[in-house]
$ cat upload.csv   # CSV, N, CA and C atoms
chain,number,residue,atom,x,y,z
A,110,MET,N,135.0,121.1,124.1
A,110,MET,CA,135.9,120.7,125.1
A,110,MET,C,135.3,121.0,126.5
A,111,ALA,N,134.7,122.2,126.6
A,111,ALA,CA,134.1,122.6,127.9
A,111,ALA,C,133.0,121.7,128.3
A,112,GLY,N,132.2,121.2,127.3
A,112,GLY,CA,131.1,120.3,127.5
A,112,GLY,C,131.6,119.0,128.2
A,113,LEU,N,132.8,118.5,127.8
A,113,LEU,CA,133.3,117.3,128.4
A,113,LEU,C,133.6,117.5,129.9
A,114,LYS,N,134.2,118.7,130.2
A,114,LYS,CA,134.5,119.0,131.6
A,114,LYS,C,133.3,119.1,132.5
A,115,ILE,N,132.2,119.8,132.0
A,115,ILE,CA,131.0,119.9,132.7
A,115,ILE,C,130.3,118.5,132.9
A,116,GLY,N,130.3,117.7,131.8
A,116,GLY,CA,129.7,116.4,131.8
A,116,GLY,C,130.4,115.5,132.8
A,117,LYS,N,131.7,115.6,132.9
A,117,LYS,CA,132.5,114.8,133.9
A,117,LYS,C,132.2,115.2,135.3
A,118,MET,N,132.0,116.5,135.5
A,118,MET,CA,131.7,117.0,136.8
A,118,MET,C,130.3,116.6,137.3
A,119,VAL,N,129.3,116.7,136.3
A,119,VAL,CA,127.9,116.3,136.6
A,119,VAL,C,127.9,114.8,136.9
A,120,LEU,N,128.5,114.0,136.1
A,120,LEU,CA,128.5,112.5,136.3
A,120,LEU,C,129.2,112.1,137.6
A,121,GLY,N,130.3,112.8,137.9
A,121,GLY,CA,131.0,112.6,139.2
A,121,GLY,C,130.2,112.9,140.4
A,122,SER,N,129.4,114.0,140.3
A,122,SER,CA,128.6,114.4,141.5
A,122,SER,C,127.4,113.5,141.7
A,123,LEU,N,127.0,112.8,140.7
A,123,LEU,CA,125.8,111.8,140.9
A,123,LEU,C,126.1,110.7,141.9
A,124,PHE,N,127.4,110.4,142.0
A,124,PHE,CA,127.7,109.2,142.9
A,124,PHE,C,128.4,109.6,144.2
A,125,ARG,N,128.5,110.9,144.5
A,125,ARG,CA,129.1,111.4,145.7
A,125,ARG,C,128.0,111.9,146.7
A,126,LYS,N,128.4,112.0,147.9
A,126,LYS,CA,127.5,112.5,148.9
A,126,LYS,C,127.2,114.0,148.6
A,127,PRO,N,126.0,114.5,149.0
A,127,PRO,CA,125.7,115.9,148.7
A,127,PRO,C,126.6,116.9,149.4
A,128,ALA,N,127.0,118.0,148.8
A,128,ALA,CA,127.9,119.0,149.4
A,128,ALA,C,127.1,119.8,150.4
A,129,THR,N,125.8,119.9,150.3
A,129,THR,CA,125.0,120.7,151.2
A,129,THR,C,124.4,119.9,152.3
A,130,LYS,N,123.9,120.5,153.3
A,130,LYS,CA,123.2,119.8,154.4
A,130,LYS,C,121.7,120.1,154.3
A,131,MET,N,120.9,119.1,154.7
A,131,MET,CA,119.5,119.2,154.7
A,131,MET,C,119.1,120.0,156.0
A,132,TYR,N,119.2,121.3,156.0
A,132,TYR,CA,119.1,122.1,157.2
A,132,TYR,C,117.7,121.9,158.0
A,133,PRO,N,116.6,122.1,157.4
A,133,PRO,CA,115.4,121.9,158.2
A,133,PRO,C,115.2,120.6,158.8
A,134,ILE,N,115.7,119.5,158.1
A,134,ILE,CA,115.5,118.2,158.5
A,134,ILE,C,116.6,117.8,159.5
A,135,VAL,N,117.8,118.1,159.2
A,135,VAL,CA,119.0,117.9,160.0
A,135,VAL,C,119.3,119.2,160.7
A,136,PRO,N,119.2,119.3,162.0
A,136,PRO,CA,119.5,120.6,162.7
A,136,PRO,C,121.0,121.0,162.6
A,137,ALA,N,121.2,122.3,162.6
A,137,ALA,CA,122.6,122.7,162.5
A,137,ALA,C,123.4,122.4,163.8
A,138,VAL,N,124.6,122.0,163.6
A,138,VAL,CA,125.5,121.8,164.8
A,138,VAL,C,126.5,122.9,164.9
A,139,TRP,N,126.5,123.6,166.0
A,139,TRP,CA,127.3,124.7,166.2
A,139,TRP,C,128.6,124.3,166.9
A,140,LYS,N,129.7,124.8,166.4
A,140,LYS,CA,131.0,124.5,167.0
A,140,LYS,C,131.1,125.2,168.4
A,141,GLU,N,132.0,124.7,169.2
A,141,GLU,CA,132.1,125.1,170.6
A,141,GLU,C,132.3,126.6,170.8
A,142,ARG,N,133.2,127.2,170.0
A,142,ARG,CA,133.5,128.6,170.2
A,142,ARG,C,132.8,129.5,169.2
A,143,THR,N,131.7,129.1,168.6
A,143,THR,CA,130.9,129.9,167.7
A,143,THR,C,130.3,131.1,168.4
A,144,ARG,N,130.5,132.3,167.9
A,144,ARG,CA,129.9,133.5,168.4
A,144,ARG,C,128.6,133.7,167.7
A,145,GLY,N,127.5,133.6,168.3
A,145,GLY,CA,126.2,133.7,167.7
A,145,GLY,C,125.6,135.0,168.0
A,146,HIS,N,124.7,135.1,169.0
A,146,HIS,CA,124.1,136.4,169.3
A,146,HIS,C,124.2,136.6,170.8
A,147,ILE,N,124.0,137.8,171.3
A,147,ILE,CA,124.1,138.1,172.7
A,147,ILE,C,122.7,137.9,173.4
A,148,GLU,N,122.7,137.2,174.5
A,148,GLU,CA,121.5,137.0,175.3
A,148,GLU,C,121.8,137.6,176.7
A,149,ILE,N,120.7,138.1,177.3
A,149,ILE,CA,120.9,138.7,178.6
A,149,ILE,C,119.9,138.0,179.6
A,150,GLU,N,120.4,137.8,180.8
A,150,GLU,CA,119.5,137.4,181.9
A,150,GLU,C,119.1,138.7,182.7
A,151,ILE,N,118.0,139.2,182.3
A,151,ILE,CA,117.7,140.6,182.7
A,151,ILE,C,117.4,140.6,184.2
A,152,GLU,N,117.1,139.5,184.8
A,152,GLU,CA,116.8,139.5,186.3
A,152,GLU,C,118.1,139.7,187.1
A,153,ASP,N,119.3,139.3,186.5
A,153,ASP,CA,120.5,139.5,187.2
A,153,ASP,C,121.2,140.8,186.9
A,154,CYS,N,120.8,141.6,185.9
A,154,CYS,CA,121.4,142.8,185.5
A,154,CYS,C,121.3,143.9,186.5
A,155,ILE,N,122.4,144.6,186.8
A,155,ILE,CA,122.4,145.8,187.7
A,155,ILE,C,122.4,147.1,187.0
A,156,PHE,N,122.3,147.1,185.6
A,156,PHE,CA,122.2,148.3,184.8
A,156,PHE,C,123.4,149.2,185.1
A,157,CYS,N,124.6,148.7,185.1
A,157,CYS,CA,125.8,149.5,185.4
A,157,CYS,C,126.2,150.3,184.1
A,158,GLY,N,125.9,149.8,182.9
A,158,GLY,CA,126.2,150.5,181.7
A,158,GLY,C,127.6,150.2,181.2
A,159,ILE,N,128.4,149.3,181.8
A,159,ILE,CA,129.7,149.0,181.3
A,159,ILE,C,129.7,148.4,180.0
A,160,CYS,N,128.7,147.5,179.7
A,160,CYS,CA,128.6,146.8,178.4
A,160,CYS,C,128.4,147.8,177.3
A,161,SER,N,127.6,148.9,177.5
A,161,SER,CA,127.3,149.9,176.5
A,161,SER,C,128.5,150.7,176.3
A,162,LYS,N,129.3,151.0,177.3
A,162,LYS,CA,130.5,151.8,177.1
A,162,LYS,C,131.6,151.0,176.4
A,163,LYS,N,131.7,149.7,176.5
A,163,LYS,CA,132.7,148.9,175.9
A,163,LYS,C,132.3,148.5,174.5
A,164,CYS,N,131.0,148.6,174.1
A,164,CYS,CA,130.6,148.2,172.8
A,164,CYS,C,131.2,149.1,171.7
A,165,PRO,N,132.0,148.5,170.8
A,165,PRO,CA,132.6,149.4,169.8
A,165,PRO,C,131.7,150.0,168.7
A,166,THR,N,130.5,149.4,168.6
A,166,THR,CA,129.6,149.9,167.6
A,166,THR,C,128.4,150.6,168.2
A,167,ASP,N,128.4,150.8,169.5
A,167,ASP,CA,127.3,151.4,170.2
A,167,ASP,C,125.9,150.8,170.0
A,168,ALA,N,126.0,149.4,169.9
A,168,ALA,CA,124.7,148.7,169.7
A,168,ALA,C,123.9,148.5,170.9
A,169,ILE,N,124.5,148.7,172.1
A,169,ILE,CA,123.8,148.4,173.4
A,169,ILE,C,123.5,149.7,174.0
A,170,THR,N,122.3,149.8,174.5
A,170,THR,CA,121.8,151.0,175.3
A,170,THR,C,121.3,150.5,176.6
A,171,VAL,N,121.7,151.2,177.7
A,171,VAL,CA,121.3,150.9,179.0
A,171,VAL,C,120.6,152.1,179.6
A,172,ASP,N,119.4,151.9,180.1
A,172,ASP,CA,118.6,153.0,180.8
A,172,ASP,C,118.4,152.5,182.3
A,173,ARG,N,119.2,153.1,183.2
A,173,ARG,CA,119.2,152.8,184.6
A,173,ARG,C,117.8,153.1,185.2
A,174,ALA,N,117.3,154.3,184.9
A,174,ALA,CA,116.1,154.8,185.5
A,174,ALA,C,114.9,153.9,185.1
A,175,ALA,N,114.8,153.5,183.8
A,175,ALA,CA,113.7,152.6,183.4
A,175,ALA,C,114.0,151.2,183.6
A,176,LYS,N,115.2,150.8,184.0
A,176,LYS,CA,115.7,149.4,184.2
A,176,LYS,C,115.4,148.7,182.9
A,177,SER,N,116.0,149.2,181.8
A,177,SER,CA,115.8,148.5,180.5
A,177,SER,C,117.2,148.4,179.8
A,178,TRP,N,117.4,147.4,179.1
A,178,TRP,CA,118.6,147.1,178.3
A,178,TRP,C,118.2,146.8,176.9
A,179,ALA,N,118.8,147.5,175.9
A,179,ALA,CA,118.4,147.3,174.5
A,179,ALA,C,119.6,147.0,173.7
A,180,ILE,N,119.4,146.2,172.6
A,180,ILE,CA,120.5,145.9,171.7
A,180,ILE,C,120.0,146.0,170.3
A,181,GLN,N,120.8,146.6,169.4
A,181,GLN,CA,120.4,146.7,168.0
A,181,GLN,C,121.1,145.5,167.4
A,182,ARG,N,120.4,144.5,167.0
A,182,ARG,CA,120.9,143.2,166.5
A,182,ARG,C,121.8,143.4,165.3
A,183,MET,N,121.3,144.2,164.4
A,183,MET,CA,122.1,144.4,163.1
A,183,MET,C,123.3,145.3,163.3
A,184,GLY,N,123.4,146.0,164.4
A,184,GLY,CA,124.6,146.8,164.7
A,184,GLY,C,125.6,146.0,165.5
A,185,CYS,N,125.3,144.9,166.1
A,185,CYS,CA,126.2,144.1,166.9
A,185,CYS,C,127.1,143.3,166.0
A,186,ILE,N,128.4,143.3,166.3
A,186,ILE,CA,129.4,142.6,165.5
A,186,ILE,C,129.9,141.3,166.2
A,187,GLN,N,129.2,140.9,167.3
A,187,GLN,CA,129.5,139.7,168.0
A,187,GLN,C,131.0,139.6,168.5
A,188,CYS,N,131.5,140.8,168.9
A,188,CYS,CA,132.9,140.8,169.3
A,188,CYS,C,133.1,140.3,170.7
A,189,SER,N,132.0,140.2,171.5
A,189,SER,CA,132.0,139.6,172.8
A,189,SER,C,132.7,140.5,173.9
A,190,CYS,N,132.9,141.8,173.6
A,190,CYS,CA,133.5,142.7,174.6
A,190,CYS,C,132.5,142.9,175.7
A,191,CYS,N,131.2,143.0,175.4
A,191,CYS,CA,130.2,143.2,176.5
A,191,CYS,C,130.2,142.0,177.4
A,192,VAL,N,130.3,140.8,176.9
A,192,VAL,CA,130.2,139.6,177.7
A,192,VAL,C,131.4,139.5,178.6
A,193,GLU,N,132.6,139.9,178.2
A,193,GLU,CA,133.8,139.8,179.0
A,193,GLU,C,133.8,140.8,180.1
A,194,VAL,N,133.2,142.0,179.9
A,194,VAL,CA,133.3,143.0,181.0
A,194,VAL,C,132.1,143.1,181.9
A,195,CYS,N,131.1,142.3,181.7
A,195,CYS,CA,129.9,142.3,182.5
A,195,CYS,C,130.2,141.8,184.0
A,196,PRO,N,130.1,142.7,185.0
A,196,PRO,CA,130.4,142.3,186.3
A,196,PRO,C,129.5,141.2,186.9
A,197,LYS,N,128.3,141.1,186.5
A,197,LYS,CA,127.4,140.1,187.0
A,197,LYS,C,127.3,138.9,186.2
A,198,LYS,N,128.0,138.9,185.0
A,198,LYS,CA,128.0,137.8,184.1
A,198,LYS,C,126.6,137.4,183.6
A,199,CYS,N,125.8,138.4,183.4
A,199,CYS,CA,124.4,138.1,182.9
A,199,CYS,C,124.3,138.1,181.4
A,200,LEU,N,125.4,138.5,180.7
A,200,LEU,CA,125.5,138.5,179.2
A,200,LEU,C,126.2,137.2,178.8
A,201,THR,N,125.7,136.6,177.7
A,201,THR,CA,126.3,135.4,177.2
A,201,THR,C,126.2,135.4,175.7
A,202,ASN,N,127.1,134.7,175.0
A,202,ASN,CA,127.0,134.5,173.6
A,202,ASN,C,126.3,133.1,173.4
A,203,MET,N,125.2,133.1,172.7
A,203,MET,CA,124.5,131.9,172.4
A,203,MET,C,124.7,131.5,171.0
A,204,ALA,N,124.7,130.2,170.8
A,204,ALA,CA,124.8,129.6,169.4
A,204,ALA,C,123.6,130.0,168.6
A,205,GLY,N,123.9,130.2,167.3
A,205,GLY,CA,122.8,130.7,166.4
A,205,GLY,C,122.9,132.2,166.1
A,206,TYR,N,122.6,132.5,165.0
A,206,TYR,CA,122.7,133.9,164.6
A,206,TYR,C,121.3,134.6,164.5
A,207,THR,N,121.4,135.9,164.5
A,207,THR,CA,120.2,136.7,164.4
A,207,THR,C,119.5,136.5,163.0
A,208,ALA,N,118.2,136.3,163.1
A,208,ALA,CA,117.5,136.0,161.8
A,208,ALA,C,117.6,137.2,160.9
A,209,PRO,N,117.8,137.0,159.6
A,209,PRO,CA,117.9,138.2,158.7
A,209,PRO,C,116.5,138.8,158.6
A,210,ASP,N,116.5,140.1,158.4
A,210,ASP,CA,115.3,140.9,158.3
A,210,ASP,C,115.5,142.1,157.4
A,211,ALA,N,114.5,142.6,156.9
A,211,ALA,CA,114.6,143.8,156.0
A,211,ALA,C,114.6,145.1,156.9
A,212,GLN,N,114.2,145.0,158.2
A,212,GLN,CA,114.1,146.1,159.1
A,212,GLN,C,115.2,146.0,160.1
A,213,LYS,N,115.8,147.1,160.6
A,213,LYS,CA,116.7,147.1,161.7
A,213,LYS,C,115.9,147.1,163.0
A,214,VAL,N,116.0,146.0,163.7
A,214,VAL,CA,115.2,145.8,164.9
A,214,VAL,C,116.0,146.0,166.2
A,215,THR,N,115.5,146.7,167.1
A,215,THR,CA,116.1,146.8,168.4
A,215,THR,C,115.3,146.0,169.5
A,216,ASP,N,116.0,145.0,170.1
A,216,ASP,CA,115.4,144.2,171.1
A,216,ASP,C,115.6,144.9,172.4
A,217,THR,N,114.5,145.2,173.2
A,217,THR,CA,114.5,145.8,174.4
A,217,THR,C,114.0,144.9,175.5
A,218,PHE,N,114.8,144.8,176.6
A,218,PHE,CA,114.5,143.9,177.7
A,218,PHE,C,114.3,144.8,178.9
A,219,VAL,N,113.2,144.6,179.7
A,219,VAL,CA,112.9,145.4,180.8
A,219,VAL,C,112.8,144.5,182.0
A,220,GLN,N,113.5,144.9,183.1
A,220,GLN,CA,113.6,144.1,184.3
A,220,GLN,C,112.2,144.0,185.0
A,221,PRO,N,111.7,142.9,185.2
A,221,PRO,CA,110.3,142.8,185.9
A,221,PRO,C,110.4,143.3,187.3
A,222,GLU,N,109.3,143.9,187.7
A,222,GLU,CA,109.2,144.4,189.1
A,222,GLU,C,109.3,143.2,190.1
A,223,LYS,N,110.1,143.4,191.1
A,223,LYS,CA,110.2,142.3,192.2
A,223,LYS,C,109.0,142.5,193.1
A,224,GLU,N,108.3,141.4,193.4
A,224,GLU,CA,107.2,141.5,194.3
A,224,GLU,C,107.7,141.6,195.8
A,225,ALA,N,107.0,142.5,196.5
A,225,ALA,CA,107.4,142.7,197.9
A,225,ALA,C,107.0,141.5,198.7
A,226,GLU,N,107.8,141.0,199.6
A,226,GLU,CA,107.5,139.9,200.4
A,226,GLU,C,106.5,140.3,201.5
A,227,PRO,N,105.5,139.5,201.8
A,227,PRO,CA,104.6,139.8,202.9
A,227,PRO,C,105.2,139.9,204.2
A,228,LYS,N,104.9,140.8,205.0
A,228,LYS,CA,105.4,141.0,206.4
A,228,LYS,C,104.7,140.0,207.3
A,229,GLU,N,105.6,139.4,208.1
A,229,GLU,CA,105.0,138.5,209.1
A,229,GLU,C,104.6,139.2,210.4
A,230,GLU,N,103.5,138.9,210.9
A,230,GLU,CA,103.0,139.6,212.1
A,230,GLU,C,103.2,138.8,213.3
$ encode --input "upload.csv" --output "structure tokens"
Amino acid sequence: MAGLKIGKMVLGSLFRKPATKMYPIVPAVWKERTRGHIEIEIEDCIFCGICSKKCPTDAITVDRAAKSWAIQRMGCIQCSCCVEVCPKKCLTNMAGYTAPDAQKVTDTFVQPEKEAEPKEE
């Protein structure tokens, strides 16, 4: 009896569209309000540290002296608290998720040195 049920399911699926998407060939389409991963525009950051204080998992670390901003991708829960409280709006939620990995990786961003403008004589 179970063989008939499985046979019916197999024959029925032969004539339907596939249930899965062909991901590498057809790119993924992200919904409008998808929370993916946190991105920073490091040039606009003032290193105030509000984002690290509001992070519920302590995934963000800000070093004002070294002008660096770091995030533990596997520790981030994409709650968007840091994006909402950033006074310069340099943090954004981007579509797409962090690639899976066997190691816990910390992404560190360092603000580039600003070049001094030449003095006019």
$ select_by_dssp --input "upload.csv" --residues "segment 120-230 of chain A" --states "strand (DSSP E or B)" --output "ChimeraX atom specification"
/A:146-149,169-172,177-181,200-203,215-219
$ write_last_selection --input "upload.csv" --atoms "N, CA and C atoms" --output "PDB file, in the frame of the given file"
ATOM      1  N   HIS A 146     124.700 135.100 169.000  1.00  0.00           N
ATOM      2  CA  HIS A 146     124.100 136.400 169.300  1.00  0.00           C
ATOM      3  C   HIS A 146     124.200 136.600 170.800  1.00  0.00           C
ATOM      4  N   ILE A 147     124.000 137.800 171.300  1.00  0.00           N
ATOM      5  CA  ILE A 147     124.100 138.100 172.700  1.00  0.00           C
ATOM      6  C   ILE A 147     122.700 137.900 173.400  1.00  0.00           C
ATOM      7  N   GLU A 148     122.700 137.200 174.500  1.00  0.00           N
ATOM      8  CA  GLU A 148     121.500 137.000 175.300  1.00  0.00           C
ATOM      9  C   GLU A 148     121.800 137.600 176.700  1.00  0.00           C
ATOM     10  N   ILE A 149     120.700 138.100 177.300  1.00  0.00           N
ATOM     11  CA  ILE A 149     120.900 138.700 178.600  1.00  0.00           C
ATOM     12  C   ILE A 149     119.900 138.000 179.600  1.00  0.00           C
ATOM     13  N   ILE A 169     124.500 148.700 172.100  1.00  0.00           N
ATOM     14  CA  ILE A 169     123.800 148.400 173.400  1.00  0.00           C
ATOM     15  C   ILE A 169     123.500 149.700 174.000  1.00  0.00           C
ATOM     16  N   THR A 170     122.300 149.800 174.500  1.00  0.00           N
ATOM     17  CA  THR A 170     121.800 151.000 175.300  1.00  0.00           C
ATOM     18  C   THR A 170     121.300 150.500 176.600  1.00  0.00           C
ATOM     19  N   VAL A 171     121.700 151.200 177.700  1.00  0.00           N
ATOM     20  CA  VAL A 171     121.300 150.900 179.000  1.00  0.00           C
ATOM     21  C   VAL A 171     120.600 152.100 179.600  1.00  0.00           C
ATOM     22  N   ASP A 172     119.400 151.900 180.100  1.00  0.00           N
ATOM     23  CA  ASP A 172     118.600 153.000 180.800  1.00  0.00           C
ATOM     24  C   ASP A 172     118.400 152.500 182.300  1.00  0.00           C
ATOM     25  N   SER A 177     116.000 149.200 181.800  1.00  0.00           N
ATOM     26  CA  SER A 177     115.800 148.500 180.500  1.00  0.00           C
ATOM     27  C   SER A 177     117.200 148.400 179.800  1.00  0.00           C
ATOM     28  N   TRP A 178     117.400 147.400 179.100  1.00  0.00           N
ATOM     29  CA  TRP A 178     118.600 147.100 178.300  1.00  0.00           C
ATOM     30  C   TRP A 178     118.200 146.800 176.900  1.00  0.00           C
ATOM     31  N   ALA A 179     118.800 147.500 175.900  1.00  0.00           N
ATOM     32  CA  ALA A 179     118.400 147.300 174.500  1.00  0.00           C
ATOM     33  C   ALA A 179     119.600 147.000 173.700  1.00  0.00           C
ATOM     34  N   ILE A 180     119.400 146.200 172.600  1.00  0.00           N
ATOM     35  CA  ILE A 180     120.500 145.900 171.700  1.00  0.00           C
ATOM     36  C   ILE A 180     120.000 146.000 170.300  1.00  0.00           C
ATOM     37  N   GLN A 181     120.800 146.600 169.400  1.00  0.00           N
ATOM     38  CA  GLN A 181     120.400 146.700 168.000  1.00  0.00           C
ATOM     39  C   GLN A 181     121.100 145.500 167.400  1.00  0.00           C
ATOM     40  N   LEU A 200     125.400 138.500 180.700  1.00  0.00           N
ATOM     41  CA  LEU A 200     125.500 138.500 179.200  1.00  0.00           C
ATOM     42  C   LEU A 200     126.200 137.200 178.800  1.00  0.00           C
ATOM     43  N   THR A 201     125.700 136.600 177.700  1.00  0.00           N
ATOM     44  CA  THR A 201     126.300 135.400 177.200  1.00  0.00           C
ATOM     45  C   THR A 201     126.200 135.400 175.700  1.00  0.00           C
ATOM     46  N   ASN A 202     127.100 134.700 175.000  1.00  0.00           N
ATOM     47  CA  ASN A 202     127.000 134.500 173.600  1.00  0.00           C
ATOM     48  C   ASN A 202     126.300 133.100 173.400  1.00  0.00           C
ATOM     49  N   MET A 203     125.200 133.100 172.700  1.00  0.00           N
ATOM     50  CA  MET A 203     124.500 131.900 172.400  1.00  0.00           C
ATOM     51  C   MET A 203     124.700 131.500 171.000  1.00  0.00           C
ATOM     52  N   THR A 215     115.500 146.700 167.100  1.00  0.00           N
ATOM     53  CA  THR A 215     116.100 146.800 168.400  1.00  0.00           C
ATOM     54  C   THR A 215     115.300 146.000 169.500  1.00  0.00           C
ATOM     55  N   ASP A 216     116.000 145.000 170.100  1.00  0.00           N
ATOM     56  CA  ASP A 216     115.400 144.200 171.100  1.00  0.00           C
ATOM     57  C   ASP A 216     115.600 144.900 172.400  1.00  0.00           C
ATOM     58  N   THR A 217     114.500 145.200 173.200  1.00  0.00           N
ATOM     59  CA  THR A 217     114.500 145.800 174.400  1.00  0.00           C
ATOM     60  C   THR A 217     114.000 144.900 175.500  1.00  0.00           C
ATOM     61  N   PHE A 218     114.800 144.800 176.600  1.00  0.00           N
ATOM     62  CA  PHE A 218     114.500 143.900 177.700  1.00  0.00           C
ATOM     63  C   PHE A 218     114.300 144.800 178.900  1.00  0.00           C
ATOM     64  N   VAL A 219     113.200 144.600 179.700  1.00  0.00           N
ATOM     65  CA  VAL A 219     112.900 145.400 180.800  1.00  0.00           C
ATOM     66  C   VAL A 219     112.800 144.500 182.000  1.00  0.00           C
TER      67      VAL A 219
END
$ residues_near_point --input "upload.csv" --point "(113.4, 146.4, 180.9)" --cutoff "7 Å" --atoms "only C-alpha atoms" --output "CSV table (one decimal) with N, CA and C atoms, keeping the file's coordinate frame"
chain,number,residue,atom,x,y,z
A,175,ALA,N,114.8,153.5,183.8
A,175,ALA,CA,113.7,152.6,183.4
A,175,ALA,C,114.0,151.2,183.6
A,176,LYS,N,115.2,150.8,184.0
A,176,LYS,CA,115.7,149.4,184.2
A,176,LYS,C,115.4,148.7,182.9
A,177,SER,N,116.0,149.2,181.8
A,177,SER,CA,115.8,148.5,180.5
A,177,SER,C,117.2,148.4,179.8
A,178,TRP,N,117.4,147.4,179.1
A,178,TRP,CA,118.6,147.1,178.3
A,178,TRP,C,118.2,146.8,176.9
A,217,THR,N,114.5,145.2,173.2
A,217,THR,CA,114.5,145.8,174.4
A,217,THR,C,114.0,144.9,175.5
A,218,PHE,N,114.8,144.8,176.6
A,218,PHE,CA,114.5,143.9,177.7
A,218,PHE,C,114.3,144.8,178.9
A,219,VAL,N,113.2,144.6,179.7
A,219,VAL,CA,112.9,145.4,180.8
A,219,VAL,C,112.8,144.5,182.0
A,220,GLN,N,113.5,144.9,183.1
A,220,GLN,CA,113.6,144.1,184.3
A,220,GLN,C,112.2,144.0,185.0
A,221,PRO,N,111.7,142.9,185.2
A,221,PRO,CA,110.3,142.8,185.9
A,221,PRO,C,110.4,143.3,187.3
$ residues_around --input "upload.csv" --residues "segment 182-196 of chain A" --least-positions-apart "4" --cutoff "7 Å" --atoms "all atoms listed in the file" --output "PDB file with N, CA and C atoms, in the frame of the given file"
ATOM      1  N   ARG A 144     130.500 132.300 167.900  1.00  0.00           N
ATOM      2  CA  ARG A 144     129.900 133.500 168.400  1.00  0.00           C
ATOM      3  C   ARG A 144     128.600 133.700 167.700  1.00  0.00           C
ATOM      4  N   GLY A 145     127.500 133.600 168.300  1.00  0.00           N
ATOM      5  CA  GLY A 145     126.200 133.700 167.700  1.00  0.00           C
ATOM      6  C   GLY A 145     125.600 135.000 168.000  1.00  0.00           C
ATOM      7  N   HIS A 146     124.700 135.100 169.000  1.00  0.00           N
ATOM      8  CA  HIS A 146     124.100 136.400 169.300  1.00  0.00           C
ATOM      9  C   HIS A 146     124.200 136.600 170.800  1.00  0.00           C
ATOM     10  N   ILE A 147     124.000 137.800 171.300  1.00  0.00           N
ATOM     11  CA  ILE A 147     124.100 138.100 172.700  1.00  0.00           C
ATOM     12  C   ILE A 147     122.700 137.900 173.400  1.00  0.00           C
ATOM     13  N   ILE A 159     128.400 149.300 181.800  1.00  0.00           N
ATOM     14  CA  ILE A 159     129.700 149.000 181.300  1.00  0.00           C
ATOM     15  C   ILE A 159     129.700 148.400 180.000  1.00  0.00           C
ATOM     16  N   CYS A 160     128.700 147.500 179.700  1.00  0.00           N
ATOM     17  CA  CYS A 160     128.600 146.800 178.400  1.00  0.00           C
ATOM     18  C   CYS A 160     128.400 147.800 177.300  1.00  0.00           C
ATOM     19  N   SER A 161     127.600 148.900 177.500  1.00  0.00           N
ATOM     20  CA  SER A 161     127.300 149.900 176.500  1.00  0.00           C
ATOM     21  C   SER A 161     128.500 150.700 176.300  1.00  0.00           C
ATOM     22  N   LYS A 163     131.700 149.700 176.500  1.00  0.00           N
ATOM     23  CA  LYS A 163     132.700 148.900 175.900  1.00  0.00           C
ATOM     24  C   LYS A 163     132.300 148.500 174.500  1.00  0.00           C
ATOM     25  N   CYS A 164     131.000 148.600 174.100  1.00  0.00           N
ATOM     26  CA  CYS A 164     130.600 148.200 172.800  1.00  0.00           C
ATOM     27  C   CYS A 164     131.200 149.100 171.700  1.00  0.00           C
ATOM     28  N   THR A 166     130.500 149.400 168.600  1.00  0.00           N
ATOM     29  CA  THR A 166     129.600 149.900 167.600  1.00  0.00           C
ATOM     30  C   THR A 166     128.400 150.600 168.200  1.00  0.00           C
ATOM     31  N   ASP A 167     128.400 150.800 169.500  1.00  0.00           N
ATOM     32  CA  ASP A 167     127.300 151.400 170.200  1.00  0.00           C
ATOM     33  C   ASP A 167     125.900 150.800 170.000  1.00  0.00           C
ATOM     34  N   ALA A 168     126.000 149.400 169.900  1.00  0.00           N
ATOM     35  CA  ALA A 168     124.700 148.700 169.700  1.00  0.00           C
ATOM     36  C   ALA A 168     123.900 148.500 170.900  1.00  0.00           C
ATOM     37  N   LEU A 200     125.400 138.500 180.700  1.00  0.00           N
ATOM     38  CA  LEU A 200     125.500 138.500 179.200  1.00  0.00           C
ATOM     39  C   LEU A 200     126.200 137.200 178.800  1.00  0.00           C
ATOM     40  N   THR A 201     125.700 136.600 177.700  1.00  0.00           N
ATOM     41  CA  THR A 201     126.300 135.400 177.200  1.00  0.00           C
ATOM     42  C   THR A 201     126.200 135.400 175.700  1.00  0.00           C
ATOM     43  N   ASN A 202     127.100 134.700 175.000  1.00  0.00           N
ATOM     44  CA  ASN A 202     127.000 134.500 173.600  1.00  0.00           C
ATOM     45  C   ASN A 202     126.300 133.100 173.400  1.00  0.00           C
ATOM     46  N   THR A 207     121.400 135.900 164.500  1.00  0.00           N
ATOM     47  CA  THR A 207     120.200 136.700 164.400  1.00  0.00           C
ATOM     48  C   THR A 207     119.500 136.500 163.000  1.00  0.00           C
ATOM     49  N   LYS A 213     115.800 147.100 160.600  1.00  0.00           N
ATOM     50  CA  LYS A 213     116.700 147.100 161.700  1.00  0.00           C
ATOM     51  C   LYS A 213     115.900 147.100 163.000  1.00  0.00           C
ATOM     52  N   VAL A 214     116.000 146.000 163.700  1.00  0.00           N
ATOM     53  CA  VAL A 214     115.200 145.800 164.900  1.00  0.00           C
ATOM     54  C   VAL A 214     116.000 146.000 166.200  1.00  0.00           C
ATOM     55  N   THR A 215     115.500 146.700 167.100  1.00  0.00           N
ATOM     56  CA  THR A 215     116.100 146.800 168.400  1.00  0.00           C
ATOM     57  C   THR A 215     115.300 146.000 169.500  1.00  0.00           C
ATOM     58  N   ASP A 216     116.000 145.000 170.100  1.00  0.00           N
ATOM     59  CA  ASP A 216     115.400 144.200 171.100  1.00  0.00           C
ATOM     60  C   ASP A 216     115.600 144.900 172.400  1.00  0.00           C
TER      61      ASP A 216
END
$ atom_distance --input "upload.csv" --atom1 "atom C of Ile155 of chain A" --atom2 "atom C of Lys198 of chain A"
11.1 Å
$ atom_distance --input "upload.csv" --atom1 "atom CA of Ala174 of chain A" --atom2 "atom CA of Glu152 of chain A"
15.3 Å
